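Chemist: Input structure: entry-v3.cif, which contains mmCIF, C-alpha atoms and all ligand atoms.
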data_input
loop_
_atom_site.label_atom_id
_atom_site.label_comp_id
_atom_site.auth_asym_id
_atom_site.auth_seq_id
_atom_site.Cartn_x
_atom_site.Cartn_y
_atom_site.Cartn_z
CA MET I 1 -139.06 201.89 49.99
CA PRO I 2 -141.34 204.36 51.65
CA GLU I 3 -143.14 206.77 49.36
CA LEU I 4 -145.70 209.48 50.06
CA PRO I 5 -148.53 207.29 51.48
CA GLU I 6 -146.32 205.39 53.92
CA LEU I 7 -144.34 208.45 55.00
CA GLU I 8 -147.51 210.46 55.48
CA VAL I 9 -148.87 207.86 57.90
CA VAL I 10 -145.52 207.59 59.71
CA ARG I 11 -145.61 211.37 60.06
CA GLU I 12 -149.11 211.27 61.54
CA VAL I 13 -148.11 208.66 64.11
CA LEU I 14 -144.92 210.47 65.09
CA GLN I 15 -146.66 213.83 65.27
CA ARG I 16 -149.03 212.26 67.79
CA ARG I 17 -146.48 210.22 69.74
CA VAL I 18 -143.14 212.04 69.86
CA VAL I 19 -143.82 215.76 69.59
CA GLY I 20 -142.93 217.45 72.88
CA GLN I 21 -140.52 214.67 73.80
CA VAL I 22 -136.93 215.42 74.79
CA ILE I 23 -134.20 213.42 73.10
CA ALA I 24 -132.42 212.19 76.21
CA ASP I 25 -129.76 210.32 74.29
CA ALA I 26 -128.76 209.76 70.68
CA LYS I 27 -126.70 206.81 69.56
CA VAL I 28 -125.26 205.91 66.17
CA ILE I 29 -124.53 202.20 65.65
CA PRO I 30 -121.78 201.22 65.25
CA PRO I 31 -120.11 204.08 67.18
CA GLY I 32 -118.30 206.50 64.93
CA GLY I 33 -121.13 206.51 62.47
CA PRO I 34 -122.23 204.63 59.43
CA ILE I 35 -122.47 206.45 56.14
CA VAL I 36 -126.14 207.29 56.63
CA VAL I 37 -125.49 210.23 58.96
CA ARG I 38 -124.75 213.67 57.54
CA ASP I 39 -124.05 216.26 60.23
CA LEU I 40 -124.27 219.63 58.46
CA THR I 41 -124.01 221.45 61.80
CA HIS I 42 -120.52 220.05 62.50
CA ARG I 43 -121.43 219.84 66.18
CA GLY I 44 -121.42 216.06 66.24
CA PHE I 45 -124.57 214.14 65.34
CA GLU I 46 -125.14 212.59 68.76
CA ALA I 47 -124.11 215.67 70.78
CA ALA I 48 -126.22 218.04 68.69
CA LEU I 49 -129.37 215.95 69.11
CA THR I 50 -129.01 215.18 72.80
CA GLY I 51 -131.14 217.50 74.91
CA ALA I 52 -133.20 218.78 71.99
CA THR I 53 -136.99 218.70 72.10
CA ILE I 54 -138.94 217.43 69.09
CA ALA I 55 -141.22 220.34 68.25
CA GLY I 56 -142.92 218.96 65.16
CA VAL I 57 -142.83 216.32 62.44
CA THR I 58 -143.54 217.22 58.83
CA ARG I 59 -143.14 215.49 55.48
CA ARG I 60 -141.83 216.93 52.25
CA GLY I 61 -141.59 214.56 49.29
CA LYS I 62 -139.82 211.48 50.59
CA TYR I 63 -138.22 213.32 53.52
CA LEU I 64 -139.49 213.20 57.08
CA VAL I 65 -138.45 216.36 58.89
CA PHE I 66 -138.21 216.69 62.67
CA SER I 67 -138.16 220.29 63.91
CA LEU I 68 -135.96 220.60 66.97
CA GLN I 69 -135.75 223.10 69.81
CA GLY I 70 -133.16 223.65 72.48
CA GLY I 71 -130.39 221.64 70.84
CA GLU I 72 -127.58 222.40 68.42
CA ALA I 73 -129.60 221.84 65.25
CA GLU I 74 -132.94 223.05 63.94
CA PHE I 75 -133.85 220.07 61.78
CA LEU I 76 -133.32 216.36 61.46
CA ALA I 77 -134.33 215.40 57.90
CA ILE I 78 -134.56 211.71 57.09
CA ASN I 79 -134.69 210.35 53.54
CA PRO I 80 -135.11 206.58 53.97
CA LYS I 81 -134.57 205.89 50.24
CA LEU I 82 -135.27 202.27 49.30
CA THR I 83 -134.24 200.43 52.44
CA GLY I 84 -134.64 202.70 55.48
CA ARG I 85 -137.47 202.70 57.97
CA LEU I 86 -138.33 204.07 61.39
CA GLN I 87 -139.47 202.13 64.41
CA LEU I 88 -141.03 203.41 67.62
CA THR I 89 -140.59 201.01 70.52
CA GLU I 90 -140.13 200.69 74.25
CA ALA I 91 -136.59 201.20 75.47
CA GLY I 92 -134.71 197.94 75.70
CA ALA I 93 -136.96 196.07 73.24
CA LYS I 94 -135.04 193.68 71.01
CA ARG I 95 -133.39 195.52 68.16
CA MET I 96 -134.26 194.76 64.57
CA ALA I 97 -131.23 193.79 62.48
CA LYS I 98 -129.42 196.77 60.97
CA THR I 99 -130.68 199.28 63.53
CA ARG I 100 -128.40 202.26 62.83
CA VAL I 101 -129.61 205.12 65.01
CA ILE I 102 -131.43 205.14 68.35
CA LEU I 103 -133.00 208.25 69.83
CA SER I 104 -133.97 207.66 73.46
CA LEU I 105 -136.97 209.82 74.32
CA GLY I 106 -138.03 211.28 77.64
CA SER I 107 -141.15 209.08 77.57
CA GLY I 108 -139.00 205.95 77.87
CA GLN I 109 -139.59 205.05 74.25
CA GLU I 110 -137.01 204.81 71.52
CA LEU I 111 -137.25 206.11 67.99
CA ARG I 112 -134.99 203.91 65.88
CA TYR I 113 -133.74 204.15 62.33
CA VAL I 114 -133.23 200.79 60.65
CA ASP I 115 -131.65 200.40 57.23
CA GLN I 116 -130.78 197.07 55.63
CA LYS I 117 -128.40 198.54 53.09
CA GLN I 118 -127.54 201.96 54.48
CA MET I 119 -129.05 203.59 51.43
CA GLY I 120 -131.05 206.18 53.34
CA GLN I 121 -129.67 209.39 54.78
CA LEU I 122 -130.16 211.42 57.95
CA TYR I 123 -129.27 215.09 57.77
CA LEU I 124 -128.81 217.25 60.82
CA THR I 125 -128.98 220.87 59.76
CA HIS I 126 -129.80 224.50 60.58
CA ASN I 127 -131.16 225.01 57.09
CA LEU I 128 -133.17 222.53 55.03
CA ASP I 129 -132.00 224.11 51.79
CA ALA I 130 -128.54 222.75 52.61
CA VAL I 131 -129.90 219.21 52.29
CA PRO I 132 -129.02 217.86 48.83
CA GLU I 133 -132.03 217.77 46.48
CA TYR I 134 -134.39 219.20 49.12
CA ALA I 135 -134.45 222.74 47.78
CA GLY I 136 -135.10 221.49 44.24
CA LEU I 137 -138.14 219.39 45.13
CA GLY I 138 -141.22 219.98 43.02
CA PRO I 139 -144.68 220.55 44.50
CA GLU I 140 -146.54 218.00 46.60
CA PRO I 141 -148.91 215.92 44.44
CA PHE I 142 -152.02 217.18 46.23
CA GLU I 143 -151.01 220.81 45.82
CA VAL I 144 -150.39 220.87 42.09
CA THR I 145 -153.39 221.99 39.99
CA LEU I 146 -154.10 220.40 36.62
CA GLN I 147 -152.96 223.55 34.87
CA ALA I 148 -149.68 223.66 36.82
CA PHE I 149 -149.24 219.92 36.23
CA ARG I 150 -149.48 220.44 32.45
CA GLU I 151 -146.98 223.30 32.60
CA ARG I 152 -144.52 221.38 34.74
CA LEU I 153 -144.62 218.40 32.38
CA LYS I 154 -143.50 220.40 29.36
CA PRO I 155 -139.72 220.43 29.91
CA PHE I 156 -139.67 216.64 30.34
CA ARG I 157 -139.51 214.56 27.17
CA GLY I 158 -138.79 211.01 28.37
CA GLU I 159 -140.96 208.10 29.45
CA ILE I 160 -143.84 209.07 31.67
CA LYS I 161 -142.96 206.68 34.50
CA GLY I 162 -139.48 208.13 34.78
CA ILE I 163 -140.90 211.65 34.92
CA LEU I 164 -143.40 210.79 37.68
CA THR I 165 -140.62 209.49 39.92
CA ARG I 166 -138.48 212.60 39.58
CA GLY I 167 -138.68 214.65 42.75
CA ALA I 168 -138.04 217.82 40.76
CA PHE I 169 -141.30 217.24 38.86
CA VAL I 170 -143.54 216.30 41.79
CA ALA I 171 -142.31 215.15 45.19
CA GLY I 172 -143.03 211.87 46.96
CA ILE I 173 -143.66 209.37 44.14
CA GLY I 174 -141.31 206.41 43.70
CA ASN I 175 -141.18 203.22 41.68
CA ALA I 176 -144.13 201.47 43.36
CA TYR I 177 -146.69 204.26 43.36
CA ALA I 178 -145.75 205.34 39.84
CA ASP I 179 -146.88 201.87 38.69
CA GLU I 180 -150.13 202.22 40.63
CA ILE I 181 -150.85 205.71 39.31
CA LEU I 182 -150.19 204.73 35.68
CA TRP I 183 -152.45 201.70 36.04
CA ALA I 184 -155.22 203.91 37.45
CA ALA I 185 -154.71 206.36 34.56
CA ARG I 186 -154.63 203.48 32.01
CA LEU I 187 -151.31 204.72 30.62
CA HIS I 188 -148.42 202.50 29.57
CA PRO I 189 -145.38 203.35 31.74
CA TYR I 190 -143.08 203.69 28.74
CA ARG I 191 -145.26 206.10 26.78
CA ARG I 192 -143.26 209.23 26.10
CA ARG I 193 -144.55 212.47 27.56
CA THR I 194 -144.56 214.01 24.07
CA GLN I 195 -147.04 211.32 22.90
CA LEU I 196 -149.63 211.99 25.60
CA THR I 197 -152.85 213.77 24.65
CA ALA I 198 -154.38 216.53 26.75
CA ASP I 199 -157.02 214.05 27.88
CA GLU I 200 -154.38 211.55 28.95
CA VAL I 201 -152.48 214.17 30.97
CA GLY I 202 -155.77 215.04 32.66
CA ARG I 203 -156.31 211.38 33.53
CA LEU I 204 -152.80 211.16 34.89
CA HIS I 205 -153.30 214.15 37.18
CA THR I 206 -156.59 212.77 38.51
CA ALA I 207 -155.08 209.29 38.99
CA MET I 208 -152.04 210.69 40.81
CA GLN I 209 -154.17 212.42 43.42
CA SER I 210 -156.79 209.70 43.84
CA THR I 211 -154.26 206.83 43.97
CA LEU I 212 -152.09 208.51 46.59
CA SER I 213 -155.06 209.62 48.65
CA GLU I 214 -156.73 206.18 48.66
CA ALA I 215 -153.41 204.47 49.36
CA THR I 216 -152.76 206.73 52.35
CA ASP I 217 -156.12 205.69 53.81
CA LYS I 218 -155.33 202.00 53.28
CA VAL I 219 -151.83 202.30 54.75
CA ARG I 220 -153.26 204.11 57.78
CA LEU I 221 -155.64 201.22 58.43
CA GLU I 222 -153.04 198.49 57.98
CA MET I 223 -150.03 200.17 59.59
CA GLY I 224 -151.69 201.41 62.75
CA GLU I 225 -148.92 202.49 65.13
CA ASP I 226 -146.42 199.99 63.72
CA ILE I 227 -144.50 202.47 61.61
CA HIS I 228 -141.79 199.98 60.66
CA LEU I 229 -144.32 198.03 58.56
CA LYS I 230 -144.78 198.69 54.85
CA PRO I 231 -148.25 197.45 53.91
CA ARG I 232 -148.58 197.05 50.15
CA GLU I 233 -150.73 193.97 49.66
CA PHE I 234 -153.61 196.17 48.50
CA MET I 235 -151.73 197.38 45.45
CA ALA I 236 -153.27 196.72 42.04
CA VAL I 237 -150.21 195.95 39.92
CA HIS I 238 -146.91 196.69 41.68
CA MET I 239 -145.25 193.41 42.74
CA LYS I 240 -148.24 191.52 41.33
CA THR I 241 -146.52 189.91 38.35
CA GLY I 242 -148.73 187.21 36.81
CA GLU I 243 -151.73 187.95 39.02
CA PRO I 244 -154.98 189.03 37.36
CA CYS I 245 -155.46 192.73 36.70
CA PRO I 246 -158.19 193.89 39.14
CA ARG I 247 -159.90 195.71 36.25
CA CYS I 248 -159.79 193.24 33.36
CA GLY I 249 -158.28 189.98 34.59
CA THR I 250 -155.27 189.99 32.23
CA ALA I 251 -152.09 188.66 33.87
CA ILE I 252 -149.94 191.56 35.11
CA SER I 253 -146.76 192.10 33.05
CA LEU I 254 -143.27 192.65 34.42
CA VAL I 255 -140.32 194.57 32.97
CA GLY I 256 -136.96 195.07 34.68
CA ALA I 257 -135.42 193.48 37.75
CA ASN I 258 -134.53 193.98 41.41
CA GLN I 259 -135.61 197.31 42.85
CA ARG I 260 -136.34 198.85 39.46
CA ILE I 261 -139.15 196.62 38.31
CA THR I 262 -142.17 197.93 36.45
CA ASN I 263 -145.54 196.18 36.59
CA PHE I 264 -148.48 197.05 34.37
CA CYS I 265 -151.48 195.56 32.54
CA ARG I 266 -150.78 195.28 28.85
CA HIS I 267 -154.52 195.24 28.12
CA CYS I 268 -155.56 198.29 30.18
CA GLN I 269 -152.32 200.18 29.49
CA PRO I 270 -151.68 199.72 25.77
CA GLY I 271 -148.85 201.12 23.66
CA GLY I 272 -145.29 201.92 24.64
CA LEU I 273 -143.60 199.24 22.53
CA ILE I 274 -140.28 198.33 24.04
CA LYS I 275 -137.48 195.84 23.57
CA GLY I 276 -139.25 192.79 22.21
CA MET I 277 -142.47 193.34 24.13
CA ALA I 278 -145.90 194.00 22.73
ZN ZN E 1 -156.17 195.28 32.95
#
Please, can you express the file's structure as structure tokens?

Modeler:
Amino acid sequence: MPELPELEVVREVLQRRVVGQVIADAKVIPPGGPIVVRDLTHRGFEAALTGATIAGVTRRGKYLVFSLQGGEAEFLAINPKLTGRLQLTEAGAKRMAKTRVILSLGSGQELRYVDQKQMGQLYLTHNLDAVPEYAGLGPEPFEVTLQAFRERLKPFRGEIKGILTRGAFVAGIGNAYADEILWAARLHPYRRRTQLTADEVGRLHTAMQSTLSEATDKVRLEMGEDIHLKPREFMAVHMKTGEPCPRCGTAISLVGANQRITNFCRHCQPGGLIKGMA
């Protein structure tokens, strides 16, 4: 679920609240470990974390990365995928359902990882390049210039929404923010990259940066310190099927189902004829 704007705000909160803290205890629930934990150090996930100090929290694409000192691993990299989230709480506070990992901090607080479907992954490693897909991540959306953006697009020939969500193209954009960016750029999500004009690619680059930047500001306001929340009410089209487009008032269209839905405005984002839809 979390994409760049949410993870960026989670990073800010954790940078402020947990850096310098010692991990006094690490617990995987149930004991023995659910599938979410990948211990690339082979020292034991709980043992390797216990006693380490959190030296920093960074974000790369959809990974949150904790730099560690004094323990048996250098990094804890968390990719929450669609269903994972972090929670910072007082020790002993009631657990949310599906709490999978608890790090007890020296401050008396607990950093918890909660995952409804165990889709996310936690990697404990000496080397981030050993984390699957991490080394192949494309640039961060705010760091890619228009010229580099045009160059990076060239090898991709499919539908533009699919390209935007590929971490190897740019990092940090998922299903929800791809819908928002394409709405802002007034591009139909199923337009093929090869059909886009130079002007349209320019609009897409501008929309990518402005949409993610504005969303990060809105998430920061609504999330506050409650990093387990996922504020998205402010979105223009994603999960707004049937509601009026904020730009033109046309009812928002829906294609797909479950966690792979696409929302767009067929008036503002014309073209891209697909399976029985105009
Ligand atoms: Zn519209």

Chemist: Considering all atoms listed in the file, tabulate each residue of chain I that lies at most 7 Å from ligand ZN 1 (chain E) along with its nearest interatomic pair and the corresponding distance in Å to one decimal; arrange the rows by chain and ascending residue number and present them as JSON lines.

Modeler:
{"residue": "I:Cys245", "atom": "CA", "partner": "E:ZN1", "partner_atom": "ZN", "distance": 4.6}
{"residue": "I:Pro246", "atom": "CA", "partner": "E:ZN1", "partner_atom": "ZN", "distance": 6.7}
{"residue": "I:Arg247", "atom": "CA", "partner": "E:ZN1", "partner_atom": "ZN", "distance": 5.0}
{"residue": "I:Cys248", "atom": "CA", "partner": "E:ZN1", "partner_atom": "ZN", "distance": 4.2}
{"residue": "I:Gly249", "atom": "CA", "partner": "E:ZN1", "partner_atom": "ZN", "distance": 5.9}
{"residue": "I:Thr250", "atom": "CA", "partner": "E:ZN1", "partner_atom": "ZN", "distance": 5.4}
{"residue": "I:Cys265", "atom": "CA", "partner": "E:ZN1", "partner_atom": "ZN", "distance": 4.7}
{"residue": "I:Arg266", "atom": "CA", "partner": "E:ZN1", "partner_atom": "ZN", "distance": 6.8}
{"residue": "I:His267", "atom": "CA", "partner": "E:ZN1", "partner_atom": "ZN", "distance": 5.1}
{"residue": "I:Cys268", "atom": "CA", "partner": "E:ZN1", "partner_atom": "ZN", "distance": 4.1}

Chemist: Write a file of the just-selected residues containing C-alpha atoms, as a CSV table (one decimal), in the frame of the given file.

Modeler:
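What follows is the written file result_35.csv:
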chain,number,residue,atom,x,y,z
I,245,CYS,CA,-155.5,192.7,36.7
I,246,PRO,CA,-158.2,193.9,39.1
I,247,ARG,CA,-159.9,195.7,36.2
I,248,CYS,CA,-159.8,193.2,33.4
I,249,GLY,CA,-158.3,190.0,34.6
I,250,THR,CA,-155.3,190.0,32.2
I,265,CYS,CA,-151.5,195.6,32.5
I,266,ARG,CA,-150.8,195.3,28.8
I,267,HIS,CA,-154.5,195.2,28.1
I,268,CYS,CA,-155.6,198.3,30.2

Chemist: Which of these residues is nearest to Gly174 of chain I, using all atoms listed in the file: I:Ala236, I:Ala257, I:Leu212, I:Arg16?

Modeler: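 Answer, going by the shortest atom-to-atom distance: I:Leu212.
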
Chemist: Got a sec: who's within 6 Å of Val19 of chain I, counting all atoms listed in the file, leaving out chain neighbours fewer than 6 positions off, as a PyMOL selection string?

Modeler: chain I and resi 54-56

Chemist: For the contact check between segment 135-162 of chain I and segment 178-192 of chain I, emit one row per residue of segment 135-162 of chain I within 6 Å, containing the shortest atom pair and the distance in Å rounded to one decimal, counting all atoms listed in the file, chain then rising number order, as a Markdown table.

Modeler:
| residue | atom | partner | partner_atom | distance |
| --- | --- | --- | --- | --- |
| I:Gly158 | CA | I:Arg192 | CA | 5.3 |
| I:Glu159 | CA | I:Arg192 | CA | 4.2 |
| I:Ile160 | CA | I:Arg192 | CA | 5.6 |
| I:Lys161 | CA | I:Pro189 | CA | 5.0 |

Chemist: Please provide the set of residues having any atom within 12 Å of Glu222 of chain I, restricted to all atoms listed in the file, with same-chain residues fewer than 4 positions apart removed, written as a list in words.

Modeler: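 Near Glu222 of chain I, the qualifying residues are Pro5, Glu6, Val9, Val10, Ala215, Thr216, Asp217, Lys218, Asp226, Ile227, His228, Leu229, Lys230, Pro231, Arg232, Glu233 and Phe234 of chain I.
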
Chemist: Determine, counting all atoms listed in the file, which protein, DNA and RNA residues have an atom within 7 Å of an atom of Asn263 of chain I; residues of the same chain fewer than 4 positions away are not included. Present the result as an mmCIF file with C-alpha atoms, keeping the file's coordinate frame.

Modeler:
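Output saved as out28.cif:
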data_model
loop_
_atom_site.group_PDB
_atom_site.id
_atom_site.type_symbol
_atom_site.label_atom_id
_atom_site.label_comp_id
_atom_site.auth_asym_id
_atom_site.auth_seq_id
_atom_site.Cartn_x
_atom_site.Cartn_y
_atom_site.Cartn_z
ATOM 1 C CA ASP I 179 -146.880 201.870 38.690
ATOM 2 C CA VAL I 237 -150.210 195.950 39.920
ATOM 3 C CA HIS I 238 -146.910 196.690 41.680
ATOM 4 C CA MET I 239 -145.250 193.410 42.740
ATOM 5 C CA THR I 241 -146.520 189.910 38.350
ATOM 6 C CA ILE I 252 -149.940 191.560 35.110
ATOM 7 C CA SER I 253 -146.760 192.100 33.050
ATOM 8 C CA LEU I 254 -143.270 192.650 34.420
ATOM 9 C CA VAL I 255 -140.320 194.570 32.970
#

Chemist: Go ahead and compute the interatomic distance for atom CA of Gly202 of chain I and atom CA of Lys154 of chain I, in Å to one decimal.

Modeler: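 Calculated distance between atom CA of Gly202 of chain I and atom CA of Lys154 of chain I is 13.8 Å.
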
Chemist: Any idea what the distance is between atom CA of Thr211 of chain I and atom CA of Thr83 of chain I?

Modeler: 22.7 Å

Chemist: What is the atom CA of Gln21 of chain I-atom CA of Leu124 of chain I distance in Å, reported with one decimal?

Modeler: 17.7 Å

Chemist: Please identify all polymer residues within 9 Å of Ala48 of chain I, counting all atoms listed in the file, omitting same-chain residues fewer than 6 positions from it, and present them as a list in words.

Modeler: Ala26, Asp39, Thr41, His42, Gly71, Glu72, Ala73 and Leu124 of chain I

Chemist: Using the selection just defined, write its residues with C-alpha atoms as an mmCIF file, in the coordinates of the input.

Modeler:
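Writing the result to selection.cif gives the following:
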data_model
loop_
_atom_site.group_PDB
_atom_site.id
_atom_site.type_symbol
_atom_site.label_atom_id
_atom_site.label_comp_id
_atom_site.auth_asym_id
_atom_site.auth_seq_id
_atom_site.Cartn_x
_atom_site.Cartn_y
_atom_site.Cartn_z
ATOM 1 C CA ALA I 26 -128.760 209.760 70.680
ATOM 2 C CA ASP I 39 -124.050 216.260 60.230
ATOM 3 C CA THR I 41 -124.010 221.450 61.800
ATOM 4 C CA HIS I 42 -120.520 220.050 62.500
ATOM 5 C CA GLY I 71 -130.390 221.640 70.840
ATOM 6 C CA GLU I 72 -127.580 222.400 68.420
ATOM 7 C CA ALA I 73 -129.600 221.840 65.250
ATOM 8 C CA LEU I 124 -128.810 217.250 60.820
#

Chemist: Write out as a PyMOL selection string the residues lying within 10 Å of Arg85 of chain I, counting only C-alpha atoms and excluding same-chain residues fewer than 4 positions away.

Modeler: chain I and resi 1-2+7+10+78-81+99+112-116+120+227-230

Chemist: Calculated over only C-alpha atoms, which of the candidates I:Glu200, I:Asp25, I:Glu8, I:Glu151 has the smallest distance to Gly51 of chain I?

Modeler: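 Looking at the shortest contact to Gly51 of chain I, the residue is I:Asp25.
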
Chemist: When you count all atoms listed in the file, which of these residues is closest to Leu196 of chain I: I:Arg157, I:Arg100, I:His126, I:Lys62?

Modeler: I:Arg157

Chemist: Every residue with an atom at most 10 Å from (-144.7, 215.2, 43.2) (file coordinates; only C-alpha atoms) is what I'm after, so could you write them as a list in words?

Modeler: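 With a cut-off of 10 Å, the residues come to Leu4, Arg60, Gly61, Lys62, Leu137, Gly138, Pro139, Glu140, Pro141, Phe142, Glu143, Val144, Phe149, Ile163, Leu164, Thr165, Arg166, Gly167, Ala168, Phe169, Val170, Ala171, Gly172, Ile173, Gly174, Met208 and Gln209 of chain I.
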
Chemist: I need the residue nearest Glu12 of chain I from this list: I:Ala93, I:Ile29, I:Val57, I:Leu49. Use only C-alpha atoms for the distance.

Modeler: I:Val57

Chemist: Emit as lines of an AutoDock Vina configuration file the padded axis-aligned box for all listed atoms of segment 148-152 of chain I, 6 Å per side, with centre and edge lengths in Å to one decimal.

Modeler:
center_x = -147.1
center_y = 221.8
center_z = 34.6
size_x = 17.2
size_y = 15.7
size_z = 16.4

Chemist: Compare I:Ile261, I:Leu204, I:Ala91, I:Ala77 by their minimum atom-to-atom distance to Gly106 of chain I, counting all atoms listed in the file, and give me the closest one.

Modeler: I:Ala91
